[in-house]
>>> print(open('target.cif').read())   # mmCIF, C-alpha atoms; chains and numbers go by the auth columns
data_target
#
loop_
_atom_site.group_PDB
_atom_site.id
_atom_site.type_symbol
_atom_site.label_atom_id
_atom_site.label_comp_id
_atom_site.label_asym_id
_atom_site.label_seq_id
_atom_site.Cartn_x
_atom_site.Cartn_y
_atom_site.Cartn_z
_atom_site.B_iso_or_equiv
_atom_site.auth_seq_id
_atom_site.auth_asym_id
ATOM 1 C CA MET A 1 125.740 149.680 28.557 0.00 13 A
ATOM 2 C CA LYS A 2 126.972 146.248 27.520 0.00 14 A
ATOM 3 C CA LYS A 3 127.125 145.695 23.792 0.00 15 A
ATOM 4 C CA ALA A 4 126.379 142.775 21.476 0.00 16 A
ATOM 5 C CA ILE A 5 125.160 142.358 17.905 0.00 17 A
ATOM 6 C CA LEU A 6 124.399 139.695 15.319 0.00 18 A
ATOM 7 C CA ALA A 7 126.247 139.708 12.013 0.00 19 A
ATOM 8 C CA THR A 8 126.848 137.672 8.882 0.00 20 A
ATOM 9 C CA LYS A 9 130.315 136.903 7.590 0.00 21 A
ATOM 10 C CA VAL A 10 131.056 138.581 4.261 0.00 22 A
ATOM 11 C CA GLY A 11 134.629 137.376 3.812 0.00 23 A
ATOM 12 C CA MET A 12 138.245 138.365 4.366 0.00 24 A
ATOM 13 C CA THR A 13 140.369 141.132 2.896 0.00 25 A
ATOM 14 C CA GLN A 14 143.293 143.295 3.923 0.00 26 A
ATOM 15 C CA ILE A 15 143.769 146.974 4.682 0.00 27 A
ATOM 16 C CA PHE A 16 146.688 149.232 5.521 0.00 28 A
ATOM 17 C CA GLY A 17 147.049 150.651 9.021 0.00 29 A
ATOM 18 C CA GLU A 18 148.022 154.213 9.844 0.00 30 A
ATOM 19 C CA ASP A 19 151.659 153.149 10.161 0.00 31 A
ATOM 20 C CA GLY A 20 151.588 151.452 6.758 0.00 32 A
ATOM 21 C CA THR A 21 151.403 147.868 8.029 0.00 33 A
ATOM 22 C CA LEU A 22 149.211 145.365 6.211 0.00 34 A
ATOM 23 C CA VAL A 23 146.361 144.104 8.406 0.00 35 A
ATOM 24 C CA PRO A 24 144.256 141.037 7.493 0.00 36 A
ATOM 25 C CA VAL A 25 140.614 141.667 8.422 0.00 37 A
ATOM 26 C CA THR A 26 137.290 139.847 8.359 0.00 38 A
ATOM 27 C CA VAL A 27 134.350 141.864 7.034 0.00 39 A
ATOM 28 C CA LEU A 28 131.101 141.401 8.977 0.00 40 A
ATOM 29 C CA GLN A 29 127.653 142.695 8.022 0.00 41 A
ATOM 30 C CA ALA A 30 126.624 143.690 11.545 0.00 42 A
ATOM 31 C CA GLY A 31 122.954 144.529 11.869 0.00 43 A
ATOM 32 C CA PRO A 32 120.731 146.332 11.799 0.00 44 A
ATOM 33 C CA CYS A 33 119.193 144.273 14.608 0.00 45 A
ATOM 34 C CA VAL A 34 116.029 145.036 16.550 0.00 46 A
ATOM 35 C CA VAL A 35 115.087 144.327 20.153 0.00 47 A
ATOM 36 C CA THR A 36 112.207 141.829 20.040 0.00 48 A
ATOM 37 C CA GLN A 37 111.879 141.287 23.803 0.00 49 A
ATOM 38 C CA VAL A 38 113.291 142.632 27.062 0.00 50 A
ATOM 39 C CA ARG A 39 113.289 140.054 29.838 0.00 51 A
ATOM 40 C CA THR A 40 113.039 141.257 33.446 0.00 52 A
ATOM 41 C CA VAL A 41 113.467 139.649 36.853 0.00 53 A
ATOM 42 C CA GLU A 42 109.799 140.256 37.696 0.00 54 A
ATOM 43 C CA ASN A 43 108.424 138.455 34.628 0.00 55 A
ATOM 44 C CA ASP A 44 111.167 135.983 33.668 0.00 56 A
ATOM 45 C CA GLY A 45 113.430 135.625 36.681 0.00 57 A
ATOM 46 C CA TYR A 46 116.478 137.089 34.943 0.00 58 A
ATOM 47 C CA LYS A 47 117.580 140.058 32.868 0.00 59 A
ATOM 48 C CA ALA A 48 118.200 139.653 29.151 0.00 60 A
ATOM 49 C CA VAL A 49 117.667 141.250 25.766 0.00 61 A
ATOM 50 C CA GLN A 50 116.264 139.286 22.829 0.00 62 A
ATOM 51 C CA VAL A 51 117.503 140.478 19.441 0.00 63 A
ATOM 52 C CA GLY A 52 116.239 139.693 15.918 0.00 64 A
ATOM 53 C CA PHE A 53 118.272 139.846 12.720 0.00 65 A
ATOM 54 C CA VAL A 54 117.448 139.468 8.975 0.00 66 A
ATOM 55 C CA ASP A 55 113.842 139.547 7.769 0.00 67 A
ATOM 56 C CA LYS A 56 112.220 136.229 6.981 0.00 68 A
ATOM 57 C CA LYS A 57 111.303 135.641 3.349 0.00 69 A
ATOM 58 C CA ASP A 58 107.711 135.029 2.279 0.00 70 A
ATOM 59 C CA ARG A 59 106.733 131.396 2.566 0.00 71 A
ATOM 60 C CA ILE A 60 104.828 129.988 -0.417 0.00 72 A
ATOM 61 C CA VAL A 61 102.562 127.198 0.787 0.00 73 A
ATOM 62 C CA ASN A 62 100.596 126.190 -2.317 0.00 74 A
ATOM 63 C CA LYS A 63 99.167 127.345 -5.637 0.00 75 A
ATOM 64 C CA ASP A 64 95.590 127.821 -6.659 0.00 76 A
ATOM 65 C CA ALA A 65 93.911 126.339 -9.749 0.00 77 A
ATOM 66 C CA SER A 66 95.008 129.221 -11.965 0.00 78 A
ATOM 67 C CA GLY A 67 98.633 128.609 -11.072 0.00 79 A
ATOM 68 C CA LYS A 68 99.043 131.839 -9.145 0.00 80 A
ATOM 69 C CA ARG A 69 101.069 131.632 -5.982 0.00 81 A
ATOM 70 C CA GLU A 70 99.160 131.818 -2.737 0.00 82 A
ATOM 71 C CA ILE A 71 101.045 133.110 0.296 0.00 83 A
ATOM 72 C CA ILE A 72 99.659 131.796 3.557 0.00 84 A
ATOM 73 C CA HIS A 73 102.335 133.015 6.009 0.00 85 A
ATOM 74 C CA ARG A 74 103.387 136.409 4.763 0.00 86 A
ATOM 75 C CA HIS A 75 106.525 136.646 6.870 0.00 87 A
ATOM 76 C CA GLY A 76 107.475 132.978 6.859 0.00 88 A
ATOM 77 C CA ALA A 77 106.516 132.638 10.526 0.00 89 A
ATOM 78 C CA ASN A 78 103.837 130.603 12.271 0.00 90 A
ATOM 79 C CA LYS A 79 101.077 132.278 14.288 0.00 91 A
ATOM 80 C CA PRO A 80 102.857 132.275 17.693 0.00 92 A
ATOM 81 C CA GLU A 81 105.943 133.811 16.072 0.00 93 A
ATOM 82 C CA GLN A 82 103.855 136.385 14.248 0.00 94 A
ATOM 83 C CA GLY A 83 102.218 137.404 17.530 0.00 95 A
ATOM 84 C CA HIS A 84 105.580 137.655 19.245 0.00 96 A
ATOM 85 C CA PHE A 85 107.036 139.948 16.582 0.00 97 A
ATOM 86 C CA LYS A 86 103.809 141.939 16.293 0.00 98 A
ATOM 87 C CA LYS A 87 103.956 142.721 19.999 0.00 99 A
ATOM 88 C CA ALA A 88 107.412 144.196 19.464 0.00 100 A
ATOM 89 C CA GLY A 89 106.180 146.092 16.404 0.00 101 A
ATOM 90 C CA VAL A 90 108.754 144.572 14.043 0.00 102 A
ATOM 91 C CA SER A 91 108.704 142.241 11.055 0.00 103 A
ATOM 92 C CA ALA A 92 109.420 138.524 11.486 0.00 104 A
ATOM 93 C CA LYS A 93 113.109 137.787 11.844 0.00 105 A
ATOM 94 C CA ARG A 94 115.115 134.817 10.657 0.00 106 A
ATOM 95 C CA TYR A 95 117.596 134.807 13.536 0.00 107 A
ATOM 96 C CA VAL A 96 116.621 135.439 17.155 0.00 108 A
ATOM 97 C CA ARG A 97 119.227 135.371 19.919 0.00 109 A
ATOM 98 C CA GLU A 98 119.256 136.379 23.563 0.00 110 A
ATOM 99 C CA PHE A 99 121.967 138.231 25.480 0.00 111 A
ATOM 100 C CA LYS A 100 122.055 138.254 29.269 0.00 112 A
ATOM 101 C CA PHE A 101 122.759 141.840 30.268 0.00 113 A
ATOM 102 C CA GLU A 102 122.723 143.283 33.758 0.00 114 A
ATOM 103 C CA ASN A 103 121.552 146.565 32.241 0.00 115 A
ATOM 104 C CA ALA A 104 118.809 145.049 30.080 0.00 116 A
ATOM 105 C CA GLU A 105 116.293 147.675 31.213 0.00 117 A
ATOM 106 C CA GLU A 106 118.273 150.313 29.317 0.00 118 A
ATOM 107 C CA TYR A 107 117.110 148.722 26.030 0.00 119 A
ATOM 108 C CA SER A 108 113.626 149.482 24.734 0.00 120 A
ATOM 109 C CA LEU A 109 111.307 147.204 22.764 0.00 121 A
ATOM 110 C CA GLY A 110 111.668 147.652 19.007 0.00 122 A
ATOM 111 C CA ALA A 111 114.893 149.649 19.343 0.00 123 A
ATOM 112 C CA GLU A 112 117.385 149.282 16.520 0.00 124 A
ATOM 113 C CA ILE A 113 120.960 148.149 17.150 0.00 125 A
ATOM 114 C CA LYS A 114 123.498 149.033 14.478 0.00 126 A
ATOM 115 C CA ALA A 115 127.197 148.527 13.929 0.00 127 A
ATOM 116 C CA ASP A 116 128.008 151.973 15.336 0.00 128 A
ATOM 117 C CA ILE A 117 127.549 150.676 18.908 0.00 129 A
ATOM 118 C CA PHE A 118 131.160 149.528 18.507 0.00 130 A
ATOM 119 C CA THR A 119 134.086 151.826 17.869 0.00 131 A
ATOM 120 C CA GLN A 120 137.546 151.392 16.417 0.00 132 A
ATOM 121 C CA GLY A 121 139.875 149.687 18.875 0.00 133 A
ATOM 122 C CA ASP A 122 137.170 147.792 20.788 0.00 134 A
ATOM 123 C CA LYS A 123 137.939 144.211 21.832 0.00 135 A
ATOM 124 C CA VAL A 124 135.221 141.655 21.005 0.00 136 A
ATOM 125 C CA ASP A 125 134.523 137.919 21.158 0.00 137 A
ATOM 126 C CA ALA A 126 133.197 136.306 17.954 0.00 138 A
ATOM 127 C CA SER A 127 131.159 133.084 18.055 0.00 139 A
ATOM 128 C CA ALA A 128 129.949 131.028 15.084 0.00 140 A
ATOM 129 C CA ILE A 129 129.507 127.478 13.809 0.00 141 A
ATOM 130 C CA SER A 130 132.796 126.346 12.265 0.00 142 A
ATOM 131 C CA LYS A 131 133.109 124.921 8.782 0.00 143 A
ATOM 132 C CA GLY A 132 132.089 121.262 8.519 0.00 144 A
ATOM 133 C CA LYS A 133 134.879 118.960 7.340 0.00 145 A
ATOM 134 C CA GLY A 134 132.936 115.702 7.343 0.00 146 A
ATOM 135 C CA PHE A 135 134.581 112.423 8.409 0.00 147 A
ATOM 136 C CA GLN A 136 138.339 112.891 8.765 0.00 148 A
ATOM 137 C CA GLY A 137 141.284 110.803 9.883 0.00 149 A
ATOM 138 C CA ALA A 138 143.317 111.226 13.045 0.00 150 A
ATOM 139 C CA ILE A 139 146.081 113.185 11.308 0.00 151 A
ATOM 140 C CA LYS A 140 143.841 115.978 10.017 0.00 152 A
ATOM 141 C CA ARG A 141 141.346 115.863 12.873 0.00 153 A
ATOM 142 C CA LEU A 142 143.750 115.675 15.825 0.00 154 A
ATOM 143 C CA GLY A 143 147.128 116.604 14.365 0.00 155 A
ATOM 144 C CA GLN A 144 148.692 113.199 14.984 0.00 156 A
ATOM 145 C CA HIS A 145 151.937 112.200 13.260 0.00 157 A
ATOM 146 C CA ARG A 146 151.972 109.799 10.347 0.00 158 A
ATOM 147 C CA GLY A 147 153.965 106.576 10.189 0.00 159 A
ATOM 148 C CA PRO A 148 156.944 105.767 7.942 0.00 160 A
ATOM 149 C CA MET A 149 156.172 106.196 4.247 0.00 161 A
ATOM 150 C CA LYS A 150 158.335 103.264 3.074 0.00 162 A
ATOM 151 C CA HIS A 151 156.752 100.461 1.063 0.00 163 A
ATOM 152 C CA GLY A 152 157.004 97.836 3.786 0.00 164 A
ATOM 153 C CA SER A 153 155.618 100.030 6.554 0.00 165 A
ATOM 154 C CA LYS A 154 151.883 99.350 6.077 0.00 166 A
ATOM 155 C CA PHE A 155 151.287 102.116 8.609 0.00 167 A
ATOM 156 C CA HIS A 156 150.977 105.552 7.046 0.00 168 A
ATOM 157 C CA ARG A 157 147.963 107.552 8.262 0.00 169 A
ATOM 158 C CA HIS A 158 146.429 105.262 10.903 0.00 170 A
ATOM 159 C CA GLN A 159 145.769 106.600 14.414 0.00 171 A
ATOM 160 C CA GLY A 160 148.257 104.193 16.008 0.00 172 A
ATOM 161 C CA SER A 161 147.781 101.642 18.765 0.00 173 A
ATOM 162 C CA ASN A 162 144.332 101.650 20.341 0.00 174 A
ATOM 163 C CA GLY A 163 145.427 99.923 23.564 0.00 175 A
ATOM 164 C CA ALA A 164 147.107 96.877 25.084 0.00 176 A
ATOM 165 C CA CYS A 165 145.498 93.496 24.375 0.00 177 A
ATOM 166 C CA SER A 166 145.951 91.741 27.727 0.00 178 A
ATOM 167 C CA SER A 167 145.667 94.587 30.211 0.00 179 A
ATOM 168 C CA PRO A 168 143.409 96.539 30.448 0.00 180 A
ATOM 169 C CA SER A 169 141.888 94.723 27.423 0.00 181 A
ATOM 170 C CA ARG A 170 139.886 97.766 26.381 0.00 182 A
ATOM 171 C CA VAL A 171 140.210 101.152 24.697 0.00 183 A
ATOM 172 C CA PHE A 172 140.345 104.105 27.090 0.00 184 A
ATOM 173 C CA LYS A 173 137.799 106.892 26.791 0.00 185 A
ATOM 174 C CA GLY A 174 139.099 109.894 24.906 0.00 186 A
ATOM 175 C CA LYS A 175 141.334 107.881 22.579 0.00 187 A
ATOM 176 C CA GLY A 176 142.053 109.985 19.502 0.00 188 A
ATOM 177 C CA MET A 177 140.409 108.334 16.526 0.00 189 A
ATOM 178 C CA PRO A 178 138.927 109.278 13.153 0.00 190 A
ATOM 179 C CA GLY A 179 135.491 110.853 13.200 0.00 191 A
ATOM 180 C CA HIS A 180 133.335 113.861 12.411 0.00 192 A
ATOM 181 C CA MET A 181 135.278 117.113 12.227 0.00 193 A
ATOM 182 C CA GLY A 182 134.038 120.692 12.365 0.00 194 A
ATOM 183 C CA CYS A 183 130.470 122.048 12.447 0.00 195 A
ATOM 184 C CA VAL A 184 130.747 122.980 16.138 0.00 196 A
ATOM 185 C CA LYS A 185 130.402 126.278 17.972 0.00 197 A
ATOM 186 C CA VAL A 186 133.728 128.102 18.120 0.00 198 A
ATOM 187 C CA THR A 187 134.512 131.334 19.961 0.00 199 A
ATOM 188 C CA VAL A 188 137.563 133.469 19.212 0.00 200 A
ATOM 189 C CA GLN A 189 138.315 135.937 21.991 0.00 201 A
ATOM 190 C CA ASN A 190 139.902 139.391 22.115 0.00 202 A
ATOM 191 C CA LEU A 191 139.596 140.303 18.447 0.00 203 A
ATOM 192 C CA GLU A 192 140.234 143.946 17.673 0.00 204 A
ATOM 193 C CA ILE A 193 137.828 146.055 15.622 0.00 205 A
ATOM 194 C CA VAL A 194 139.974 147.843 13.065 0.00 206 A
ATOM 195 C CA LYS A 195 137.272 149.887 11.349 0.00 207 A
ATOM 196 C CA VAL A 196 133.547 150.619 11.610 0.00 208 A
ATOM 197 C CA ASP A 197 131.473 151.651 8.583 0.00 209 A
ATOM 198 C CA ALA A 198 128.298 153.054 10.155 0.00 210 A
ATOM 199 C CA GLU A 199 126.589 153.811 6.825 0.00 211 A
ATOM 200 C CA LYS A 200 126.888 150.252 5.498 0.00 212 A
ATOM 201 C CA ASN A 201 126.764 148.562 8.940 0.00 213 A
ATOM 202 C CA LEU A 202 130.122 146.879 8.410 0.00 214 A
ATOM 203 C CA LEU A 203 132.644 145.818 11.031 0.00 215 A
ATOM 204 C CA LEU A 204 136.236 145.082 10.043 0.00 216 A
ATOM 205 C CA VAL A 205 137.727 142.727 12.616 0.00 217 A
ATOM 206 C CA LYS A 206 141.440 141.972 12.749 0.00 218 A
ATOM 207 C CA GLY A 207 142.219 138.327 11.997 0.00 219 A
ATOM 208 C CA SER A 208 139.943 135.417 11.185 0.00 220 A
ATOM 209 C CA VAL A 209 136.441 134.681 12.439 0.00 221 A
ATOM 210 C CA PRO A 210 134.963 131.158 12.627 0.00 222 A
ATOM 211 C CA GLY A 211 132.478 129.907 10.046 0.00 223 A
ATOM 212 C CA PRO A 212 132.020 130.008 6.271 0.00 224 A
ATOM 213 C CA LYS A 213 130.816 132.984 4.260 0.00 225 A
ATOM 214 C CA LYS A 214 127.235 134.066 5.044 0.00 226 A
ATOM 215 C CA ALA A 215 127.469 132.365 8.437 0.00 227 A
ATOM 216 C CA LEU A 216 125.742 133.903 11.446 0.00 228 A
ATOM 217 C CA VAL A 217 128.298 135.430 13.809 0.00 229 A
ATOM 218 C CA THR A 218 127.611 136.674 17.326 0.00 230 A
ATOM 219 C CA ILE A 219 129.727 139.649 18.372 0.00 231 A
ATOM 220 C CA ARG A 220 130.004 140.467 22.080 0.00 232 A
ATOM 221 C CA GLU A 221 132.171 142.679 24.229 0.00 233 A
ATOM 222 C CA ALA A 222 135.356 140.808 25.127 0.00 234 A
ATOM 223 C CA VAL A 223 135.116 138.992 28.444 0.00 235 A
ATOM 224 C CA LYS A 224 138.867 138.902 29.103 0.00 236 A
ATOM 225 C CA ALA A 225 139.846 142.287 27.654 0.00 237 A
#
>>> encode(input="target.cif", output="structure tokens")
Amino acid sequence: MKKAILATKVGMTQIFGEDGTLVPVTVLQAGPCVVTQVRTVENDGYKAVQVGFVDKKDRIVNKDASGKREIIHRHGANKPEQGHFKKAGVSAKRYVREFKFENAEEYSLGAEIKADIFTQGDKVDASAISKGKGFQGAIKRLGQHRGPMKHGSKFHRHQGSNGACSSPSRVFKGKGMPGHMGCVKVTVQNLEIVKVDAEKNLLLVKGSVPGPKKALVTIREAVKA
């Protein structure tokens, strides 16, 4: 059975291995997730498992004359979403993701997926939205070299020449220039799971994982392991 789970990034710490070496690890709150839909070839044209993670908070729409809060959507979901989750027999979830599995029929609707589906030593791929850095220059964004730092240089952190003036009289596509940095999907492959805490649903992954704290991280079996 192929394995995947949704998690939130708690932060980084370090632990000691069995041989006494210091290992930097990222702590992930992995699950519990629930199966909200099982897609089949007959109904959907492909096999996949839809997974939900983290309950949605109550949505407060308005207040009555007495000042008491009136909750219209109890689970923070609209009517189509409520019907979808009700069919699976689970509460409304904040995050819903889909994993294409060849063995999707082995999962059952409403089944719970916890961190213990992984074991120590497993290789995984972690995907998340990287930290946003805003608008950055070419040196930080692309790793370009700076110019001379002498007073008469007048060229310190610029991106350099943009192109020749006479021929071709234009800037080529792909020219490294300042711009928006970060806030893109990043996948780090072949990370090793150092420890699994089944009681607290924690995964300790060796090395760093993309994204800030509390970010949603998708953990899958390593493709290139």
>>> residues_around(input="target.cif", residues="Lys59 of chain A", least_positions_apart="2", cutoff="12 Å", atoms="all atoms listed in the file", output="PyMOL selection string")
chain A and resi 49-57+61-62+110-119
>>> atom_distance(input="target.cif", atom1="atom CA of Phe65 of chain A", atom2="atom CA of Ala16 of chain A")
12.3 Å
>>> closest_residue(input="target.cif", among="A:Ile129, A:Val47, A:Ala234, A:Leu18", to="His96 of chain A", atoms="all atoms listed in the file")
A:Val47
>>> closest_residue(input="target.cif", among="A:Leu34, A:Ala42, A:Val136, A:Val198", to="Val22 of chain A", atoms="all atoms listed in the file")
A:Ala42
>>> atom_distance(input="target.cif", atom1="atom CA of Ser220 of chain A", atom2="atom CA of Ala237 of chain A")
17.8 Å
>>> closest_residue(input="target.cif", among="A:Ser142, A:Thr131, A:Thr20, A:Ser178", to="Cys45 of chain A", atoms="all atoms listed in the file")
A:Thr20
>>> closest_residue(input="target.cif", among="A:Ala19, A:Ala89, A:Ile151, A:Met189", to="Arg232 of chain A", atoms="all atoms listed in the file")
A:Ala19
>>> atom_distance(input="target.cif", atom1="atom CA of Gly64 of chain A", atom2="atom CA of Glu93 of chain A")
11.9 Å
>>> closest_residue(input="target.cif", among="A:Thr38, A:Ser120, A:Gln26, A:Gln201", to="Ser139 of chain A", atoms="all atoms listed in the file")
A:Gln201
>>> residues_around(input="target.cif", residues="Val217 of chain A", least_positions_apart="2", cutoff="7 Å", atoms="all atoms listed in the file", output="list in words")
Val37, Thr38, Val39, Leu203, Glu204, Ile205, Val206, Leu215 and Gly219 of chain A
>>> residues_around(input="target.cif", residues="Arg106 of chain A", least_positions_apart="6", cutoff="7 Å", atoms="all atoms listed in the file", output="PyMOL selection string")
chain A and resi 65-68
>>> closest_residue(input="target.cif", among="A:Pro44, A:Gly194, A:Gly164, A:Gly175", to="Leu214 of chain A", atoms="only C-alpha atoms")
A:Pro44
>>> axis_aligned_box(input="target.cif", around="segment 146-152 of chain A", padding_each_side="6 Å", output="JSON")
{"center_x": 139.5, "center_y": 113.4, "center_z": 10.2, "size_x": 25.1, "size_y": 17.2, "size_z": 17.7}
>>> resolve_selection(input="target.cif", expression="the PyMOL selection byres ((chain A and resi 103) around 9)", output="ChimeraX atom specification")
/A:67-68,87,94,97-98,100-102,104-105
>>> resolve_selection(input="target.cif", expression="the PyMOL selection byres ((chain A and resi 200) around 6)", output="list in words")
Asp137, Ala138, Thr199 and Gln201 of chain A
>>> resolve_selection(input="target.cif", expression="the PyMOL selection byres ((chain A and resi 126) around 6)", output="ChimeraX atom specification")
/A:43-44,125,127-128
>>> write_last_selection(input="target.cif", atoms="C-alpha atoms", output="CSV table (one decimal), in the frame of the given file")
chain,number,residue,atom,x,y,z
A,43,GLY,CA,123.0,144.5,11.9
A,44,PRO,CA,120.7,146.3,11.8
A,125,ILE,CA,121.0,148.1,17.2
A,127,ALA,CA,127.2,148.5,13.9
A,128,ASP,CA,128.0,152.0,15.3
>>> residues_near_point(input="target.cif", point="(133.1, 114.7, 11.0)", cutoff="9 Å", atoms="only C-alpha atoms", output="MDAnalysis selection string")
chainID A and resid 144:148 153 190:195
>>> residues_around(input="target.cif", residues="Val63 of chain A", least_positions_apart="4", cutoff="6 Å", atoms="all atoms listed in the file", output="PyMOL selection string")
chain A and resi 46-48+108-109
>>> write_last_selection(input="target.cif", atoms="C-alpha atoms", output="PDB file, in the coordinates of the input")
ATOM      1  CA  VAL A  46     116.029 145.036  16.550  1.00  0.00           C
ATOM      2  CA  VAL A  47     115.087 144.327  20.153  1.00  0.00           C
ATOM      3  CA  THR A  48     112.207 141.829  20.040  1.00  0.00           C
ATOM      4  CA  VAL A 108     116.621 135.439  17.155  1.00  0.00           C
ATOM      5  CA  ARG A 109     119.227 135.371  19.919  1.00  0.00           C
TER       6      ARG A 109
END
>>> build_atoms(input="target.cif", residues="segment 198-213 of chain A", atoms="N, CA, C and O atoms", output="mmCIF file, in the frame of the given file")
data_model
loop_
_atom_site.group_PDB
_atom_site.id
_atom_site.type_symbol
_atom_site.label_atom_id
_atom_site.label_comp_id
_atom_site.auth_asym_id
_atom_site.auth_seq_id
_atom_site.Cartn_x
_atom_site.Cartn_y
_atom_site.Cartn_z
ATOM 1 N N VAL A 198 132.367 127.664 17.816
ATOM 2 C CA VAL A 198 133.728 128.102 18.120
ATOM 3 C C VAL A 198 133.690 129.588 18.494
ATOM 4 O O VAL A 198 133.002 130.378 17.840
ATOM 5 N N THR A 199 134.413 129.942 19.538
ATOM 6 C CA THR A 199 134.512 131.334 19.961
ATOM 7 C C THR A 199 135.973 131.773 19.931
ATOM 8 O O THR A 199 136.828 131.106 20.511
ATOM 9 N N VAL A 200 136.229 132.871 19.241
ATOM 10 C CA VAL A 200 137.563 133.469 19.212
ATOM 11 C C VAL A 200 137.503 134.750 20.034
ATOM 12 O O VAL A 200 136.691 135.640 19.770
ATOM 13 N N GLN A 201 138.382 134.831 21.042
ATOM 14 C CA GLN A 201 138.315 135.937 21.991
ATOM 15 C C GLN A 201 139.322 137.036 21.660
ATOM 16 O O GLN A 201 140.334 136.809 20.997
ATOM 17 N N ASN A 202 139.018 138.223 22.174
ATOM 18 C CA ASN A 202 139.902 139.391 22.115
ATOM 19 C C ASN A 202 140.304 139.768 20.688
ATOM 20 O O ASN A 202 141.477 140.017 20.408
ATOM 21 N N LEU A 203 139.341 139.797 19.790
ATOM 22 C CA LEU A 203 139.596 140.303 18.447
ATOM 23 C C LEU A 203 139.432 141.822 18.450
ATOM 24 O O LEU A 203 138.540 142.355 19.114
ATOM 25 N N GLU A 204 140.261 142.476 17.701
ATOM 26 C CA GLU A 204 140.234 143.946 17.673
ATOM 27 C C GLU A 204 139.435 144.444 16.475
ATOM 28 O O GLU A 204 139.596 143.951 15.358
ATOM 29 N N ILE A 205 138.569 145.414 16.707
ATOM 30 C CA ILE A 205 137.828 146.055 15.622
ATOM 31 C C ILE A 205 138.720 147.127 15.009
ATOM 32 O O ILE A 205 139.094 148.103 15.669
ATOM 33 N N VAL A 206 139.060 146.940 13.739
ATOM 34 C CA VAL A 206 139.974 147.843 13.065
ATOM 35 C C VAL A 206 139.240 149.047 12.491
ATOM 36 O O VAL A 206 139.739 150.169 12.511
ATOM 37 N N LYS A 207 138.018 148.803 11.981
ATOM 38 C CA LYS A 207 137.272 149.887 11.349
ATOM 39 C C LYS A 207 135.781 149.623 11.458
ATOM 40 O O LYS A 207 135.339 148.469 11.430
ATOM 41 N N VAL A 208 135.004 150.702 11.558
ATOM 42 C CA VAL A 208 133.547 150.619 11.610
ATOM 43 C C VAL A 208 132.971 151.504 10.512
ATOM 44 O O VAL A 208 133.267 152.698 10.453
ATOM 45 N N ASP A 209 132.162 150.896 9.634
ATOM 46 C CA ASP A 209 131.473 151.651 8.583
ATOM 47 C C ASP A 209 130.004 151.767 8.999
ATOM 48 O O ASP A 209 129.214 150.838 8.783
ATOM 49 N N ALA A 210 129.644 152.885 9.613
ATOM 50 C CA ALA A 210 128.298 153.054 10.155
ATOM 51 C C ALA A 210 127.242 153.112 9.058
ATOM 52 O O ALA A 210 126.108 152.665 9.260
ATOM 53 N N GLU A 211 127.574 153.667 7.900
ATOM 54 C CA GLU A 211 126.589 153.811 6.825
ATOM 55 C C GLU A 211 126.185 152.452 6.250
ATOM 56 O O GLU A 211 125.008 152.213 5.974
ATOM 57 N N LYS A 212 127.165 151.571 6.074
ATOM 58 C CA LYS A 212 126.888 150.252 5.498
ATOM 59 C C LYS A 212 126.750 149.163 6.553
ATOM 60 O O LYS A 212 126.572 147.997 6.215
ATOM 61 N N ASN A 213 126.834 149.520 7.837
ATOM 62 C CA ASN A 213 126.764 148.562 8.940
ATOM 63 C C ASN A 213 127.804 147.447 8.788
ATOM 64 O O ASN A 213 127.483 146.262 8.872
#
